[in-house]
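J.: One structure coming up, written as structure tokens, with questions to follow.
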Amino acid sequence: MKTALSLALGLWLLLSAGLPAAAVEPRTQSFTDPEGVELEVTVFPASGERLYLWLLPQAGEHPNHRVLGQTLAAAGVEVWQVDLLDAHFLPRTNESMRSLDGVSVAALLREAHAQTGKEVMLVASGRPALIALRGMRQWQEDAPEGDYVLGAALAFPNLITDTPVAGAPAVREDVVRATSLPVFLLQPTQGVYRWHLNDILADLRQGGSPVFVQMVPQVRDFYYLRRSDPAPEEQVATDQLPSQLLQAGRLLASVPRARTAAPLPEDTPRVEAGRGLVERDRAAPMADFTLTDHLGDEQSLSDYAGDVVLLNFWASWCPPCVHEIPSMNRMAETLGAGFSIVSVNYQESAEHIATFMDEVQVDFPVLMDFDGRVAAGWRVFAFPSSFILDRGGRIRYSVNSAIEWDEPGVLADIQELMDE
């Protein structure tokens, strides 16, 4: 039943994308990379001149990967899909994905060309985008014969070394600034990195990479990887993905490509890491802002001047964000006058949040950051992210994970600020 549904969905997607409808059945093959890792590849064969090497996401294969592979193959692009974490017997964690070097990807690039004689473009999203860049650079360092690697098409790439402390600047991996092959970015307008895009482009171009950007409207990151009930806008964007990837291949094939790897930067900044409630003492990156709440009334951060404030950035689609709301309610009740919670919702509709608040008790105002600019101004890269501001508006603590806000130690720290 699942296969039949997938094929039916694939046929519908092919027709909606204006591409030829044909069922392309995949096959599997495997080979061993230079470090002895056996790589199992799902191949969607096609007779065209290009091959897309698709690095599967950290969560593993999604049903859409089969559909997208069939769609592209029917349009004449061969697709190879590989799950690197599975091949390396690594758990599906952020640390595991970041630990992968480029050896396996470089080997796959060589093998794909050796078997087919085709030009090869890497495809990846999220954290595997970093491994795609490492693989391209490793391939360059291996002194390949020919320039058959077109570059990479990366959707909502996560290229940072680690999630920084809330409010600290993001630091991208060295390889981002040492990429000289072309890159095509698919950036959702509601994605976490939307307002950091200029910084990402500057880092990529530092190594000489020609970079192109396609904005994907009205969706957030992972839009084509929803496990259930995608929003209508997400389905539309998913339907358009094959055509966008075909366009990426044509575009990258049309620009000059470097044969040698760019040098790694020597002055790599260090990420300011931390877990839980992290002690800080610094000015707020955005001293004030004004947003409407979910009822349409304007509120400003400065309305709470003189109080100790918990400034919380969250979204209803983030389970840890929702989990910590009851403890935030209890915290506000315990601390009383002189303490306030200012909650900023990330790029959701007021109607959705009103419905959410009918189901989940929220005892504090929810301000609507419809376009994500305020979150970007506060250097928010993960949800939830929170800041404790003293009575003068300085950041004294921050945390970029869910915690129990009414835990005695947390309450004692904040009570000290209230007593200052």
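By order of appearance in the structure tokens: chains A, B, ..., then residues from 1 within every chain, and ligands from 1 in the order shown.
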Could the residues of range 150-226 of chain A that have an atom at most 12 Å from range 366-370 of chain A be listed as a Markdown table, each with its closest atom pair and the distance in Å to one decimal, counting only C-alpha atoms and ordered by chain and ascending residue number?

T.:
```
| residue | atom | partner | partner_atom | distance |
| --- | --- | --- | --- | --- |
| A:Thr189 | CA | A:Phe370 | CA | 11.0 |
| A:Gln190 | CA | A:Phe370 | CA | 8.9 |
| A:Gly191 | CA | A:Phe370 | CA | 11.9 |
| A:Gln218 | CA | A:Phe370 | CA | 11.1 |
```

J.: Would you output that residue set with N, CA and C atoms, as a PDB file, in the first residue's frame?

T.:
```pdb
ATOM      1  N   THR A 189      11.561  31.560   3.102  1.00  0.00           N
ATOM      2  CA  THR A 189      11.399  32.914   3.630  1.00  0.00           C
ATOM      3  C   THR A 189      11.110  32.909   5.123  1.00  0.00           C
ATOM      4  N   GLN A 190      10.596  31.803   5.656  1.00  0.00           N
ATOM      5  CA  GLN A 190      10.328  31.705   7.087  1.00  0.00           C
ATOM      6  C   GLN A 190      11.370  30.850   7.809  1.00  0.00           C
ATOM      7  N   GLY A 191      12.483  30.587   7.168  1.00  0.00           N
ATOM      8  CA  GLY A 191      13.527  29.787   7.775  1.00  0.00           C
ATOM      9  C   GLY A 191      14.328  30.567   8.805  1.00  0.00           C
ATOM     10  N   GLN A 218       6.772  31.510   1.890  1.00  0.00           N
ATOM     11  CA  GLN A 218       5.692  31.077   2.788  1.00  0.00           C
ATOM     12  C   GLN A 218       5.938  29.741   3.469  1.00  0.00           C
TER      13      GLN A 218
END
```

J.: Name all residues at most 8 Å from Ala153 in chain A (count only C-alpha atoms; drop same-chain ones fewer than 2 positions away) and give them as a compact mmCIF listing (two decimals) with C-alpha atoms, in the first residue's frame.

T.:
```
# COMPACT_ATOMS: atom_id res chain seq x y z
CA MET A 121 25.83 17.92 -8.64
CA LEU A 122 25.51 17.43 -4.90
CA VAL A 123 22.12 17.93 -3.23
CA ALA A 124 21.68 18.29 0.54
CA GLY A 151 28.83 22.20 -7.34
CA ALA A 155 18.28 23.73 0.88
CA VAL A 183 26.59 26.76 -4.80
CA PHE A 184 22.84 27.14 -5.35
CA LEU A 185 20.86 27.94 -2.18
CA LEU A 186 17.17 27.28 -1.60
CA LEU A 245 16.80 21.44 -8.81
CA ALA A 248 20.15 24.58 -10.35
```

J.: Mind checking which residues fall within 9 Å of range 351-361 of chain A, counting only C-alpha atoms, ignoring those fewer than 2 positions away in the same chain, and posting them as a list in words?

T.: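 Listing them by chain and then by number gives His294, Leu295, Ser316, Val322, Ile325, Pro326, Asn329, Asn345, Glu348, Ser349, Asp363, Val366 and Met368 of chain A.
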
J.: Can you list, as a PDB file with N, CA and C atoms, in the first residue's frame, every protein, DNA or RNA residue that comes within 7 Å of range 104-117 of chain A when you count only C-alpha atoms, leaving out same-chain residues fewer than 4 positions away?

T.:
```pdb
ATOM      1  N   ASP A  33      34.479   3.051   0.441  1.00  0.00           N
ATOM      2  CA  ASP A  33      35.286   4.252   0.267  1.00  0.00           C
ATOM      3  C   ASP A  33      36.721   3.997   0.732  1.00  0.00           C
ATOM      4  N   ALA A 132      28.367  18.148   2.404  1.00  0.00           N
ATOM      5  CA  ALA A 132      28.488  18.326   0.953  1.00  0.00           C
ATOM      6  C   ALA A 132      29.654  19.257   0.629  1.00  0.00           C
ATOM      7  N   GLY A 135      32.865  17.475   1.232  1.00  0.00           N
ATOM      8  CA  GLY A 135      33.122  16.487   0.190  1.00  0.00           C
ATOM      9  C   GLY A 135      33.633  17.113  -1.087  1.00  0.00           C
ATOM     10  N   MET A 136      33.078  18.254  -1.482  1.00  0.00           N
ATOM     11  CA  MET A 136      33.559  18.934  -2.689  1.00  0.00           C
ATOM     12  C   MET A 136      35.009  19.365  -2.516  1.00  0.00           C
ATOM     13  N   GLN A 138      37.258  18.058  -0.482  1.00  0.00           N
ATOM     14  CA  GLN A 138      38.096  16.859  -0.471  1.00  0.00           C
ATOM     15  C   GLN A 138      38.316  16.353  -1.885  1.00  0.00           C
ATOM     16  N   TRP A 139      37.267  16.388  -2.699  1.00  0.00           N
ATOM     17  CA  TRP A 139      37.381  15.957  -4.098  1.00  0.00           C
ATOM     18  C   TRP A 139      38.402  16.824  -4.830  1.00  0.00           C
TER      19      TRP A 139
END
```

J.: Let's see if you can do this: from backbone DSSP, list all strand (DSSP E) residues in range 99-150 of chain A, as a VMD selection string.

T.: chain A and resid 119 to 125 149 to 150

J.: Write a file of the just-selected residues containing N, CA and C atoms, as a PDB file, in the first residue's frame.

T.:
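Below is the file selection27.pdb, written as the result:
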```pdb
ATOM      1  N   GLU A 119      28.215  14.568 -15.533  1.00  0.00           N
ATOM      2  CA  GLU A 119      28.458  15.653 -14.590  1.00  0.00           C
ATOM      3  C   GLU A 119      27.663  15.381 -13.322  1.00  0.00           C
ATOM      4  N   VAL A 120      28.232  15.786 -12.184  1.00  0.00           N
ATOM      5  CA  VAL A 120      27.614  15.448 -10.902  1.00  0.00           C
ATOM      6  C   VAL A 120      27.366  16.722 -10.099  1.00  0.00           C
ATOM      7  N   MET A 121      26.163  16.838  -9.560  1.00  0.00           N
ATOM      8  CA  MET A 121      25.835  17.922  -8.642  1.00  0.00           C
ATOM      9  C   MET A 121      25.398  17.325  -7.314  1.00  0.00           C
ATOM     10  N   LEU A 122      25.932  17.855  -6.220  1.00  0.00           N
ATOM     11  CA  LEU A 122      25.515  17.430  -4.897  1.00  0.00           C
ATOM     12  C   LEU A 122      24.207  18.112  -4.508  1.00  0.00           C
ATOM     13  N   VAL A 123      23.361  17.388  -3.772  1.00  0.00           N
ATOM     14  CA  VAL A 123      22.119  17.928  -3.231  1.00  0.00           C
ATOM     15  C   VAL A 123      22.071  17.569  -1.746  1.00  0.00           C
ATOM     16  N   ALA A 124      21.772  18.556  -0.902  1.00  0.00           N
ATOM     17  CA  ALA A 124      21.680  18.292   0.538  1.00  0.00           C
ATOM     18  C   ALA A 124      20.846  19.382   1.176  1.00  0.00           C
ATOM     19  N   SER A 125      20.353  19.100   2.370  1.00  0.00           N
ATOM     20  CA  SER A 125      19.584  20.092   3.115  1.00  0.00           C
ATOM     21  C   SER A 125      19.962  20.011   4.580  1.00  0.00           C
ATOM     22  N   VAL A 149      32.411  17.873 -11.476  1.00  0.00           N
ATOM     23  CA  VAL A 149      31.555  18.243 -10.338  1.00  0.00           C
ATOM     24  C   VAL A 149      31.046  19.663 -10.558  1.00  0.00           C
ATOM     25  N   LEU A 150      29.731  19.808 -10.672  1.00  0.00           N
ATOM     26  CA  LEU A 150      29.121  21.090 -10.961  1.00  0.00           C
ATOM     27  C   LEU A 150      29.079  22.004  -9.746  1.00  0.00           C
TER      28      LEU A 150
END
```

J.: Could you tell me how far CA of Glu416 in chain A sits from CA of Phe313 in chain A, in Å to one decimal place?

T.: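 CA of Glu416 in chain A lies 23.2 Å from CA of Phe313 in chain A.
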